[in-house]
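With compact mmCIF, C-alpha atoms inside, this is target.txt:
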# COMPACT_ATOMS: atom_id res chain seq x y z
CA MET A 1 99.61 106.45 95.72
CA LEU A 2 97.91 104.93 92.67
CA VAL A 3 98.77 106.32 89.23
CA ARG A 4 96.93 105.34 86.06
CA LEU A 5 99.06 104.75 82.98
CA PRO A 6 97.87 104.31 79.37
CA TYR A 7 98.52 100.76 78.20
CA GLY A 8 97.41 99.70 74.74
CA ARG A 9 93.76 100.69 74.36
CA LYS A 10 93.20 100.62 78.13
CA PHE A 11 94.99 101.68 81.33
CA VAL A 12 96.91 100.05 84.17
CA ASP A 13 97.24 101.29 87.74
CA ILE A 14 100.54 101.21 89.62
CA ASP A 15 101.27 101.95 93.26
CA LEU A 16 104.07 104.49 93.67
CA PRO A 17 105.78 106.24 96.60
CA ASP A 18 104.03 109.43 97.65
CA THR A 19 107.20 111.36 96.80
CA ALA A 20 107.00 110.47 93.09
CA ASN A 21 106.50 113.43 90.77
CA ILE A 22 103.75 112.80 88.18
CA VAL A 23 103.90 115.17 85.21
CA TYR A 24 101.41 115.43 82.36
CA PRO A 25 101.61 117.63 79.28
CA ARG A 26 99.81 120.93 79.70
CA GLU A 27 96.31 120.00 78.60
CA LEU A 28 95.06 122.49 76.02
CA PRO A 29 91.29 122.19 75.61
CA GLY A 30 89.98 120.27 72.65
CA VAL A 31 87.83 122.04 70.10
CA VAL A 32 84.06 121.58 70.28
CA ASP A 33 83.79 120.25 66.71
CA SER A 34 86.84 118.65 65.08
CA ARG A 35 85.39 118.75 61.58
CA SER A 36 84.56 122.43 61.88
CA GLU A 37 88.10 123.16 63.07
CA ILE A 38 89.63 121.37 60.09
CA ARG A 39 87.22 123.19 57.79
CA ARG A 40 88.14 126.53 59.40
CA ALA A 41 91.85 125.88 58.83
CA MET A 42 91.29 124.97 55.19
CA GLU A 43 89.16 128.05 54.57
CA HIS A 44 91.90 130.26 56.07
CA PRO A 45 95.14 128.69 54.83
CA ILE A 46 98.51 129.99 55.95
CA GLY A 47 100.91 131.19 53.27
CA CYS A 48 99.01 130.10 50.14
CA PRO A 49 95.59 130.21 48.41
CA PRO A 50 92.80 127.78 49.41
CA LEU A 51 93.10 124.23 48.12
CA ARG A 52 90.13 124.63 45.77
CA GLN A 53 92.05 127.39 43.96
CA LEU A 54 95.23 125.35 43.78
CA ALA A 55 93.22 122.49 42.28
CA LEU A 56 91.97 124.50 39.30
CA GLY A 57 93.39 123.10 36.07
CA LYS A 58 95.17 120.17 37.75
CA SER A 59 94.86 116.73 36.16
CA ASP A 60 95.62 114.43 39.07
CA VAL A 61 96.04 114.72 42.83
CA VAL A 62 97.89 112.71 45.44
CA VAL A 63 96.93 112.92 49.11
CA VAL A 64 99.47 111.51 51.56
CA ILE A 65 98.09 110.16 54.83
CA ASN A 66 99.77 108.77 57.97
CA ASP A 67 100.07 105.05 58.57
CA ILE A 68 98.40 103.19 61.44
CA THR A 69 101.20 104.03 63.91
CA ARG A 70 100.22 107.71 63.90
CA PRO A 71 96.92 108.62 65.61
CA ALA A 72 95.98 111.27 63.05
CA PRO A 73 92.31 111.98 62.19
CA SER A 74 92.93 110.92 58.60
CA ARG A 75 89.28 110.27 57.73
CA LEU A 76 88.12 113.72 58.86
CA MET A 77 90.93 115.51 57.07
CA LEU A 78 90.44 113.50 53.92
CA GLU A 79 86.70 114.10 53.81
CA GLU A 80 87.24 117.85 53.98
CA ILE A 81 90.01 117.69 51.40
CA LEU A 82 87.72 115.81 49.00
CA ILE A 83 85.11 118.57 49.32
CA GLU A 84 87.73 121.20 48.44
CA LEU A 85 89.09 119.22 45.52
CA GLU A 86 85.62 118.68 44.10
CA ALA A 87 85.02 122.44 44.33
CA GLY A 88 88.24 122.89 42.35
CA GLY A 89 87.05 120.62 39.57
CA ILE A 90 88.87 117.41 40.58
CA ARG A 91 86.98 114.16 40.05
CA GLU A 92 87.37 111.41 42.63
CA ASP A 93 88.91 109.06 40.06
CA GLU A 94 91.71 111.61 39.62
CA ILE A 95 92.72 111.29 43.29
CA THR A 96 95.17 108.75 44.72
CA LEU A 97 95.93 108.18 48.39
CA VAL A 98 99.44 107.15 49.39
CA ILE A 99 100.01 105.89 52.93
CA ALA A 100 103.28 107.34 54.30
CA CYS A 101 104.71 104.11 55.66
CA GLY A 102 108.30 105.37 55.61
CA ASN A 103 110.26 102.23 56.46
CA HIS A 104 107.37 100.63 58.35
CA ARG A 105 105.42 97.60 57.14
CA ALA A 106 102.44 98.01 54.85
CA ASN A 107 99.08 98.69 56.46
CA THR A 108 96.57 95.86 56.26
CA PRO A 109 93.11 96.32 54.66
CA GLU A 110 91.63 96.17 58.16
CA GLU A 111 93.95 98.93 59.39
CA ILE A 112 93.15 101.09 56.37
CA GLN A 113 89.47 100.66 57.10
CA GLU A 114 90.13 101.61 60.74
CA MET A 115 91.90 104.79 59.63
CA LEU A 116 89.49 105.87 56.90
CA GLY A 117 86.20 104.10 57.51
CA SER A 118 84.67 101.45 55.30
CA GLU A 119 83.19 103.82 52.70
CA LEU A 120 86.31 105.83 51.88
CA SER A 121 88.63 102.83 52.08
CA SER A 122 86.49 100.90 49.59
CA ARG A 123 85.87 103.62 47.00
CA LEU A 124 89.25 105.40 46.80
CA ARG A 125 92.48 104.31 45.12
CA ILE A 126 94.96 103.66 47.96
CA PHE A 127 98.59 102.52 47.97
CA ASN A 128 100.98 101.67 50.78
CA HIS A 129 104.36 103.27 50.19
CA ASP A 130 107.18 100.73 49.85
CA CYS A 131 110.58 102.33 50.37
CA GLU A 132 112.38 99.36 48.75
CA GLY A 133 110.14 98.94 45.70
CA GLU A 134 112.48 100.55 43.17
CA GLU A 135 109.97 100.06 40.36
CA ASN A 136 107.66 102.44 42.24
CA LEU A 137 110.26 105.10 43.04
CA THR A 138 111.41 108.14 41.07
CA PHE A 139 114.74 109.94 41.38
CA CYS A 140 114.03 113.65 41.68
CA ARG A 141 117.42 115.28 42.26
CA GLU A 142 120.20 115.71 44.81
CA THR A 143 119.91 118.36 47.47
CA ASN A 144 122.68 120.94 47.87
CA THR A 145 124.13 118.73 50.60
CA GLY A 146 124.24 115.68 48.35
CA PHE A 147 121.13 113.82 49.51
CA PRO A 148 119.78 111.61 46.70
CA VAL A 149 116.03 112.24 46.59
CA TRP A 150 114.16 109.03 45.70
CA ILE A 151 110.41 109.46 46.16
CA ASN A 152 107.28 107.38 45.62
CA SER A 153 106.46 107.78 41.92
CA VAL A 154 102.77 108.49 42.45
CA VAL A 155 103.74 111.39 44.69
CA ALA A 156 106.59 112.60 42.51
CA HIS A 157 104.49 112.80 39.33
CA ALA A 158 101.21 114.16 40.71
CA SER A 159 100.27 117.61 39.48
CA LEU A 160 98.91 118.53 42.93
CA LYS A 161 100.42 117.20 46.16
CA VAL A 162 98.56 117.40 49.48
CA LEU A 163 99.94 116.18 52.81
CA THR A 164 98.03 115.35 55.97
CA GLY A 165 99.49 114.66 59.38
CA LEU A 166 99.83 115.13 63.09
CA ILE A 167 102.18 117.60 64.80
CA THR A 168 103.62 116.17 67.99
CA PRO A 169 107.09 116.04 69.61
CA HIS A 170 109.53 113.77 67.77
CA HIS A 171 112.71 112.38 69.28
CA SER A 172 114.84 113.02 66.16
CA ALA A 173 113.00 115.58 64.01
CA GLY A 174 111.99 117.93 66.83
CA TYR A 175 108.33 117.76 65.84
CA SER A 176 106.44 115.50 63.47
CA GLY A 177 104.06 116.66 60.74
CA GLY A 178 104.66 118.85 57.69
CA ARG A 179 107.74 117.73 55.76
CA LYS A 180 107.82 114.33 57.50
CA SER A 181 104.99 113.06 55.30
CA ILE A 182 107.53 113.26 52.46
CA MET A 183 110.78 112.55 54.30
CA PRO A 184 110.69 109.79 55.53
CA GLY A 185 107.00 109.11 54.77
CA VAL A 186 107.26 108.42 51.01
CA ALA A 187 111.04 108.40 50.52
CA GLY A 188 113.07 105.57 49.01
CA ILE A 189 115.50 103.46 50.98
CA LYS A 190 118.57 105.17 49.46
CA THR A 191 117.32 108.52 50.75
CA LEU A 192 116.39 107.03 54.12
CA ASN A 193 119.82 105.44 54.46
CA ARG A 194 121.50 108.83 54.24
CA HIS A 195 118.95 110.77 56.29
CA HIS A 196 118.58 108.30 59.18
CA SER A 197 122.31 107.77 59.75
CA LEU A 198 124.80 109.77 61.81
CA PRO A 199 125.58 112.65 61.66
CA THR A 200 122.27 113.76 60.08
CA ARG A 201 120.43 111.84 62.78
CA PRO A 202 121.28 113.57 66.07
CA TYR A 203 123.21 111.39 68.49
CA GLN A 204 121.26 112.63 71.51
CA PRO A 205 117.44 112.81 71.85
CA ALA A 206 116.23 115.86 69.92
CA SER A 207 112.58 116.31 70.90
CA GLY A 208 111.54 119.93 70.35
CA TRP A 209 114.78 120.84 68.51
CA MET A 210 114.12 122.36 65.08
CA LYS A 211 116.50 125.22 64.26
CA GLY A 212 119.94 123.81 63.47
CA ASN A 213 118.71 120.20 63.64
CA PRO A 214 120.02 118.50 60.46
CA PHE A 215 117.39 115.76 60.64
CA HIS A 216 114.67 118.40 60.33
CA GLU A 217 116.48 120.70 57.92
CA GLU A 218 117.41 117.96 55.45
CA ALA A 219 113.83 116.67 55.49
CA VAL A 220 112.64 120.16 54.54
CA LYS A 221 115.10 120.24 51.62
CA VAL A 222 113.87 116.88 50.35
CA ALA A 223 110.23 117.96 50.62
CA ARG A 224 110.98 121.23 48.83
CA SER A 225 112.62 119.34 45.98
CA VAL A 226 109.49 117.21 45.57
CA GLY A 227 107.20 120.25 45.57
CA VAL A 228 104.41 120.14 48.13
CA ASP A 229 101.36 122.29 47.34
CA PHE A 230 99.25 122.12 50.50
CA ILE A 231 99.19 120.52 53.95
CA VAL A 232 96.51 119.84 56.54
CA ASN A 233 97.89 119.01 60.00
CA VAL A 234 96.42 118.88 63.49
CA VAL A 235 97.71 119.27 67.04
CA LYS A 236 96.14 117.05 69.71
CA ASN A 237 96.19 117.06 73.49
CA SER A 238 97.14 114.01 75.57
CA SER A 239 93.51 112.87 75.59
CA GLY A 240 93.57 112.63 71.81
CA ASP A 241 91.32 115.64 71.21
CA ILE A 242 92.15 118.09 68.43
CA VAL A 243 93.14 121.46 69.85
CA LYS A 244 94.14 123.13 66.59
CA ALA A 245 94.18 122.45 62.86
CA VAL A 246 96.53 124.22 60.46
CA ALA A 247 96.48 124.24 56.68
CA GLY A 248 98.33 125.89 53.84
CA GLU A 249 101.93 126.17 52.65
CA MET A 250 104.08 123.35 54.00
CA GLU A 251 106.61 125.28 56.06
CA ALA A 252 104.49 128.23 57.17
CA ALA A 253 101.51 126.13 58.27
CA HIS A 254 103.75 123.60 60.00
CA GLU A 255 105.59 126.30 61.93
CA HIS A 256 102.26 127.72 63.08
CA GLY A 257 101.24 124.28 64.31
CA VAL A 258 104.56 123.77 66.09
CA ALA A 259 104.04 127.04 67.98
CA VAL A 260 100.70 125.74 69.23
CA CYS A 261 102.25 122.39 70.07
CA GLU A 262 104.95 124.02 72.17
CA LYS A 263 102.35 125.64 74.42
CA SER A 264 101.22 122.18 75.45
CA TRP A 265 104.27 119.92 75.25
CA VAL A 266 107.26 121.96 76.47
CA ILE A 267 107.61 121.29 80.20
CA LYS A 268 110.17 122.89 82.51
CA PHE A 269 111.97 120.75 85.06
CA ARG A 270 114.28 122.03 87.80
CA GLN A 271 116.11 118.75 88.37
CA LYS A 272 116.94 115.34 86.99
CA TYR A 273 115.80 112.11 88.59
CA ASP A 274 117.15 108.74 89.69
CA ILE A 275 114.16 106.83 88.27
CA VAL A 276 111.98 107.89 85.34
CA ILE A 277 108.85 105.86 84.59
CA VAL A 278 107.46 106.38 81.09
CA THR A 279 104.77 105.15 78.74
CA PRO A 280 104.42 106.23 75.09
CA GLY A 281 100.76 107.11 75.69
CA GLY A 282 98.95 103.89 74.77
CA TYR A 283 97.84 102.56 71.39
CA PRO A 284 99.07 102.97 68.68
CA ARG A 285 102.23 104.40 70.18
CA ASP A 286 102.95 101.26 72.19
CA VAL A 287 101.99 98.73 69.51
CA ASN A 288 105.58 97.41 69.53
CA LEU A 289 108.98 98.28 70.98
CA HIS A 290 109.88 100.01 67.72
CA GLN A 291 107.31 102.69 68.57
CA ALA A 292 107.50 102.52 72.37
CA GLN A 293 111.25 103.21 72.34
CA LYS A 294 110.45 106.89 71.75
CA ALA A 295 109.35 107.19 75.38
CA MET A 296 112.83 106.07 76.43
CA SER A 297 114.34 109.00 74.55
CA THR A 298 112.31 111.41 76.67
CA ALA A 299 113.43 109.64 79.84
CA GLU A 300 117.10 109.90 78.82
CA THR A 301 117.00 113.69 78.97
CA LEU A 302 115.71 113.65 82.56
CA LEU A 303 117.90 111.04 84.25
CA ASN A 304 120.80 111.43 86.63
CA ASP A 305 123.92 109.42 85.86
CA ASP A 306 123.37 105.68 86.41
CA GLY A 307 119.62 106.27 86.53
CA VAL A 308 116.87 103.75 85.83
CA ILE A 309 114.24 103.91 83.08
CA VAL A 310 111.00 101.99 83.59
CA LEU A 311 109.14 101.54 80.30
CA VAL A 312 105.52 100.42 80.53
CA ALA A 313 104.19 99.52 77.08
CA GLN A 314 101.88 96.79 75.82
CA CYS A 315 103.90 95.90 72.64
CA LEU A 316 101.34 93.41 71.34
CA GLU A 317 103.23 93.23 68.02
CA GLY A 318 106.48 92.43 69.79
CA ILE A 319 109.80 94.13 69.18
CA GLY A 320 110.31 95.15 65.57
CA LYS A 321 112.99 94.45 62.98
CA PHE A 322 115.85 95.92 64.99
CA VAL A 323 115.93 92.89 67.31
CA ASP A 324 118.83 91.16 65.52
CA TRP A 325 121.27 94.05 65.96
CA LEU A 326 120.86 93.93 69.73
CA LYS A 327 120.81 90.15 70.00
CA GLN A 328 124.00 89.80 67.93
CA ALA A 329 125.97 92.21 70.12
CA GLU A 330 127.95 91.54 73.28
CA THR A 331 127.29 95.02 74.73
CA PRO A 332 125.14 98.07 73.90
CA ARG A 333 128.31 99.98 73.04
CA GLU A 334 128.99 97.46 70.30
CA VAL A 335 125.64 98.34 68.70
CA ILE A 336 126.46 102.05 68.83
CA GLU A 337 129.82 101.53 67.12
CA ARG A 338 128.27 99.29 64.48
CA PHE A 339 125.72 101.99 63.70
CA ARG A 340 128.52 104.53 63.33
CA ARG A 341 130.13 102.26 60.73
CA GLU A 342 127.13 100.91 58.84
CA GLY A 343 124.44 103.56 59.33
CA PHE A 344 120.73 103.05 58.77
CA THR A 345 119.35 99.84 57.30
CA ARG A 346 115.81 98.59 56.64
CA GLU A 347 116.36 96.23 59.57
CA GLN A 348 115.93 99.29 61.77
CA SER A 349 119.50 99.73 62.86
CA SER A 350 118.62 103.26 63.96
CA LYS A 351 116.12 101.90 66.49
CA ALA A 352 118.77 99.48 67.72
CA PHE A 353 121.15 102.42 68.06
CA MET A 354 118.66 104.49 70.06
CA CYS A 355 117.89 101.61 72.38
CA ALA A 356 121.61 100.95 72.81
CA ARG A 357 122.25 104.63 73.53
CA ALA A 358 119.93 104.40 76.55
CA LEU A 359 121.10 100.93 77.59
CA ASP A 360 124.74 102.02 77.48
CA LYS A 361 124.16 104.71 80.13
CA TYR A 362 121.17 103.54 82.14
CA THR A 363 119.36 100.49 83.44
CA VAL A 364 116.17 99.97 81.44
CA ILE A 365 113.35 97.85 82.90
CA VAL A 366 110.50 96.89 80.56
CA SER A 367 107.02 95.78 81.58
CA CYS A 368 105.00 94.62 78.57
CA SER A 369 102.64 91.89 77.36
CA GLY A 370 104.00 91.08 73.93
CA ILE A 371 107.71 90.33 74.41
CA GLU A 372 109.24 87.30 76.08
CA LYS A 373 111.56 87.75 79.05
CA SER A 374 114.37 85.87 77.27
CA ASP A 375 114.17 88.18 74.25
CA LEU A 376 114.32 91.34 76.37
CA GLU A 377 117.24 90.07 78.41
CA ARG A 378 119.18 89.09 75.28
CA MET A 379 118.84 92.74 74.23
CA PHE A 380 120.24 94.04 77.56
CA PHE A 381 116.87 95.10 79.02
CA ARG A 382 115.63 93.97 82.42
CA TYR A 383 112.27 92.22 82.32
CA ALA A 384 109.44 92.86 84.77
CA PRO A 385 106.26 90.74 84.82
CA SER A 386 104.13 93.75 85.81
CA PRO A 387 104.43 97.53 86.18
CA HIS A 388 104.39 97.09 89.96
CA ALA A 389 107.30 94.63 89.76
CA ALA A 390 109.19 97.05 87.51
CA VAL A 391 108.87 99.83 90.09
CA GLU A 392 109.98 97.51 92.89
CA ASP A 393 113.03 96.50 90.85
CA ALA A 394 113.91 100.15 90.16
CA LEU A 395 113.66 101.03 93.86
CA ALA A 396 115.80 98.02 94.77
CA ILE A 397 118.49 99.29 92.40
CA LYS A 398 118.42 102.97 93.36
CA GLY A 399 117.19 102.79 96.95
CA PRO A 400 113.91 103.72 98.69
CA ASP A 401 114.85 107.41 98.94
CA SER A 402 115.63 107.83 95.25
CA SER A 403 113.92 110.59 93.29
CA MET A 404 111.21 109.41 90.89
CA LEU A 405 109.47 111.01 87.91
CA VAL A 406 106.46 109.57 86.08
CA LEU A 407 105.53 110.64 82.54
CA PRO A 408 102.32 108.87 81.48
CA TYR A 409 102.52 110.51 78.02
CA ALA A 410 106.26 110.68 77.59
CA VAL A 411 106.42 110.98 73.80
CA SER A 412 104.26 114.10 74.07
CA CYS A 413 106.67 115.84 76.47
CA VAL A 414 109.53 118.15 75.51
CA PRO A 415 111.65 118.50 78.66
CA ASN A 416 113.37 121.79 79.37
CA ILE A 417 115.85 121.51 82.26
CA THR A 418 116.18 124.81 84.13
CA ARG A 419 118.17 124.10 87.26
CA SER A 420 117.58 126.49 90.17
CA ASN A 421 120.53 128.37 91.66

As structure tokens, how would this structure be written, given the file I've shared?
Amino acid sequence: MLVRLPYGRKFVDIDLPDTANIVYPRELPGVVDSRSEIRRAMEHPIGCPPLRQLALGKSDVVVVINDITRPAPSRLMLEEILIELEAGGIREDEITLVIACGNHRANTPEEIQEMLGSELSSRLRIFNHDCEGEENLTFCRETNTGFPVWINSVVAHASLKVLTGLITPHHSAGYSGGRKSIMPGVAGIKTLNRHHSLPTRPYQPASGWMKGNPFHEEAVKVARSVGVDFIVNVVKNSSGDIVKAVAGEMEAAHEHGVAVCEKSWVIKFRQKYDIVIVTPGGYPRDVNLHQAQKAMSTAETLLNDDGVIVLVAQCLEGIGKFVDWLKQAETPREVIERFRREGFTREQSSKAFMCARALDKYTVIVSCSGIEKSDLERMFFRYAPSPHAAVEDALAIKGPDSSMLVLPYAVSCVPNITRSN
């Protein structure tokens, strides 16, 4: 049977055995009018007064937006936020936008224009966050667990702080959105080093895990210490349509959005599989292996021992900074042990660790356009020139009767294994 998989901005078709199980997230219907939904959420905020009331008497405002790797409707949210701020007496020249790059590269002018449109991107004051630019960071405090809180100075000193974002499953934080715009979005490298290392970073994939997850709970503490006044977040379906917008107090509004998200993304499975074929869901989630790796984390939770992961991702921007950690190692286990010793670095050691975690237990076959075969093989992956070839290789390894699962939108799935008696 033919199955269509998202690949970059387009799709690819692969021929699979008729016994393969194809699973999509539960598709909640998109709203009729995205702008009206965002406006509705802002007019009925959760846990705090409307933004226009919070803006009264404030002298300057920072609005934090996602970077290009997150498919958030930043322009729509920002346009509605600007209306509210104006109603609260805030002039446009008192507003600064900070792009929550975390430890990612800066967004280019072209990407900013893509996210915000030409008019907003040209008339507003916009900064990319740089986690290593110490001259642009402010030390706020230490949390009660000893986390040093270094935050972008524009954010730290603003009299009104507004976050925007997208709530979707996240392989370490449980769900994205809310507090993640602060931690890691606008945090300094010293804070990231502590937060993104073991044991705060869960060893195993943690999609959907919030309560008791230190990665989530420490991020909340950091965001609380900074003092967030208002958030606007959305939940999308796998087609990219907004199904719900939430606004208001950071934790309360985020929790409401997570509850909506769970209705769509949590999927029950009664078994594990020999072969799991995954894609991150197309652009921008498969822009490079750094982003596409998240689909592997979903596959890990659904594989039998010695299983095979097939990752189909365009990766036009190649691998990402973590390449050296894998290329310098003799085995995936060596990368895992190095990460235990050294922890997170700007060179993306955590991504190297998460790739190595999968490679240490499973065979991982990658079909992509932007990475050379020699580079993949030096990092312990198996290369496939096409998705069809990747499937053939997986079946050759596990046998023609092996069980197969396909997740075309893997990073939007939260697996729940409920084995039958």

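Atom pair CA of Cys355 in chain A / CA of Pro202 in chain A has a distance of 13.9 Å (rounded to one decimal).
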
Spatial neighbours of Leu192 in chain A, max dist 9 Å, only C-alpha atoms, sep filter under 6 positions, as a count of residues only: 9

Within 10 Å of Gly188 in chain A, counting only C-alpha atoms, which residues show up once you throw out same-chain ones fewer than 3 positions away? Write them as a PDB file with C-alpha atoms, in the coordinates of the input, please.
ATOM      1  CA  GLY A 102     108.300 105.370  55.610  1.00  0.00           C
ATOM      2  CA  ASN A 103     110.260 102.230  56.460  1.00  0.00           C
ATOM      3  CA  HIS A 129     104.360 103.270  50.190  1.00  0.00           C
ATOM      4  CA  ASP A 130     107.180 100.730  49.850  1.00  0.00           C
ATOM      5  CA  CYS A 131     110.580 102.330  50.370  1.00  0.00           C
ATOM      6  CA  GLU A 132     112.380  99.360  48.750  1.00  0.00           C
ATOM      7  CA  GLY A 133     110.140  98.940  45.700  1.00  0.00           C
ATOM      8  CA  GLU A 134     112.480 100.550  43.170  1.00  0.00           C
ATOM      9  CA  ASN A 136     107.660 102.440  42.240  1.00  0.00           C
ATOM     10  CA  LEU A 137     110.260 105.100  43.040  1.00  0.00           C
ATOM     11  CA  THR A 138     111.410 108.140  41.070  1.00  0.00           C
ATOM     12  CA  PHE A 139     114.740 109.940  41.380  1.00  0.00           C
ATOM     13  CA  PRO A 148     119.780 111.610  46.700  1.00  0.00           C
ATOM     14  CA  VAL A 149     116.030 112.240  46.590  1.00  0.00           C
ATOM     15  CA  TRP A 150     114.160 109.030  45.700  1.00  0.00           C
ATOM     16  CA  ILE A 151     110.410 109.460  46.160  1.00  0.00           C
ATOM     17  CA  ASN A 152     107.280 107.380  45.620  1.00  0.00           C
ATOM     18  CA  SER A 153     106.460 107.780  41.920  1.00  0.00           C
ATOM     19  CA  MET A 183     110.780 112.550  54.300  1.00  0.00           C
ATOM     20  CA  PRO A 184     110.690 109.790  55.530  1.00  0.00           C
ATOM     21  CA  GLY A 185     107.000 109.110  54.770  1.00  0.00           C
ATOM     22  CA  THR A 191     117.320 108.520  50.750  1.00  0.00           C
ATOM     23  CA  LEU A 192     116.390 107.030  54.120  1.00  0.00           C
ATOM     24  CA  ASN A 193     119.820 105.440  54.460  1.00  0.00           C
TER      25      ASN A 193
END

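Of note, CA of Pro17 in chain A and CA of Pro284 in chain A are spaced 28.9 Å apart.
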
Which polymer residues, protein or nucleic acid, are no farther than 12 Å from (116.8, 102.0, 84.6), counting all atoms listed in the file, as a ChimeraX atom specification? /A:273-278,296,299-300,302-311,358-367,380-384,390-398,404

Within 12 Å of Ile231 in chain A using only C-alpha atoms, minus same-chain residues under 2 positions, as an MDAnalysis selection string: chainID A and resid 38 41:42 45:51 54 62:65 77:78 81 160:167 177:182 223 227:229 233:234 245:255 257

Long-range neighbours of Thr19 in chain A as a PyMOL selection string, 10 Å cut-off, all atoms listed in the file, 5 positions minimum in chain: chain A and resi 1+401-405

What is the distance between CA of Ala187 in chain A and CA of Ala106 in chain A, in Å to one decimal?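 CA of Ala106 in chain A lies at a distance of 14.2 Å from CA of Ala187 in chain A.
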
Taking (106.5, 92.9, 75.9) as a centre in this file's frame and 10 Å as the limit, can you find every polymer residue with an atom that close, using all atoms listed in the file, and give them as a list in words? Asp286, Val287, Asn288, Leu289, Val312, Ala313, Gln314, Cys315, Leu316, Glu317, Gly318, Ile319, Val366, Ser367, Cys368, Ser369, Gly370, Ile371, Glu372, Lys373, Asp375, Leu376, Tyr383, Ala384 and Pro385 of chain A

Closest of A:Ala100, A:Gly212, A:Glu80, A:Glu135 to Arg40 in chain A - atom-to-atom distances counting only C-alpha atoms: A:Glu80

Find, counting all atoms listed in the file, the residue in A:Leu116, A:Ala219, A:Val260, A:Ile22 that gets nearest to Asn237 in chain A.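 The shortest atom-to-atom distance to Asn237 in chain A comes from A:Val260.
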
Can you tell me which residues surround Arg285 in chain A at a distance of at most 10 Å, considering all atoms listed in the file, apart from same-chain residues fewer than 5 positions away, and format the answer as a PyMOL selection string? chain A and resi 7-8+68-71+279-280+290-295+313-315+409+411

Nearest residue to Ser59 in chain A from the set A:Asp324, A:Glu330, A:Glu37, A:Asp93 (distances using only C-alpha atoms):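 Looking only at the distances to Ser59 in chain A, the closest residue turns out to be A:Asp93.
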
Name the closest residue to Ile95 in chain A among the candidates A:Asn107, A:Leu124, A:Glu79, A:Leu407; distances are taken between atoms, counting all atoms listed in the file. A:Leu124

Out of A:Ala173, A:Ile112, A:Ala156, A:Ile189, which residue has the shortest atom-to-atom distance to Lys211 in chain A when counting all atoms listed in the file?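 Comparing A:Ala173, A:Ile112, A:Ala156, A:Ile189 against Lys211 in chain A, the winner is A:Ala173.
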
Restricting the calculation to only C-alpha atoms: of A:Lys351, A:Arg224, A:Arg357, A:Arg378, which residue gets closest to Pro332 in chain A?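 Between A:Lys351, A:Arg224, A:Arg357, A:Arg378, the residue approaching Pro332 in chain A most closely is A:Arg357.
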
How close does each residue of range 190-288 of chain A get to range 26-34 of chain A, giving the shortest atom pair and distance in Å to one decimal for every residue with an atom at most 8 Å away, counting all atoms listed in the file, sorted by chain and residue number, as a Markdown table?
| residue | atom | partner | partner_atom | distance |
| --- | --- | --- | --- | --- |
| A:Lys236 | CA | A:Gly30 | CA | 7.5 |
| A:Asn237 | CA | A:Glu27 | CA | 5.9 |
| A:Ser238 | CA | A:Glu27 | CA | 6.8 |
| A:Asp241 | CA | A:Gly30 | CA | 5.0 |
| A:Ile242 | CA | A:Gly30 | CA | 5.2 |
| A:Val243 | CA | A:Gly30 | CA | 4.4 |
| A:Lys244 | CA | A:Val31 | CA | 7.3 |
| A:Lys263 | CA | A:Arg26 | CA | 7.5 |
| A:Ser264 | CA | A:Arg26 | CA | 4.6 |
| A:Trp265 | CA | A:Arg26 | CA | 6.4 |
| A:Ile267 | CA | A:Arg26 | CA | 7.8 |
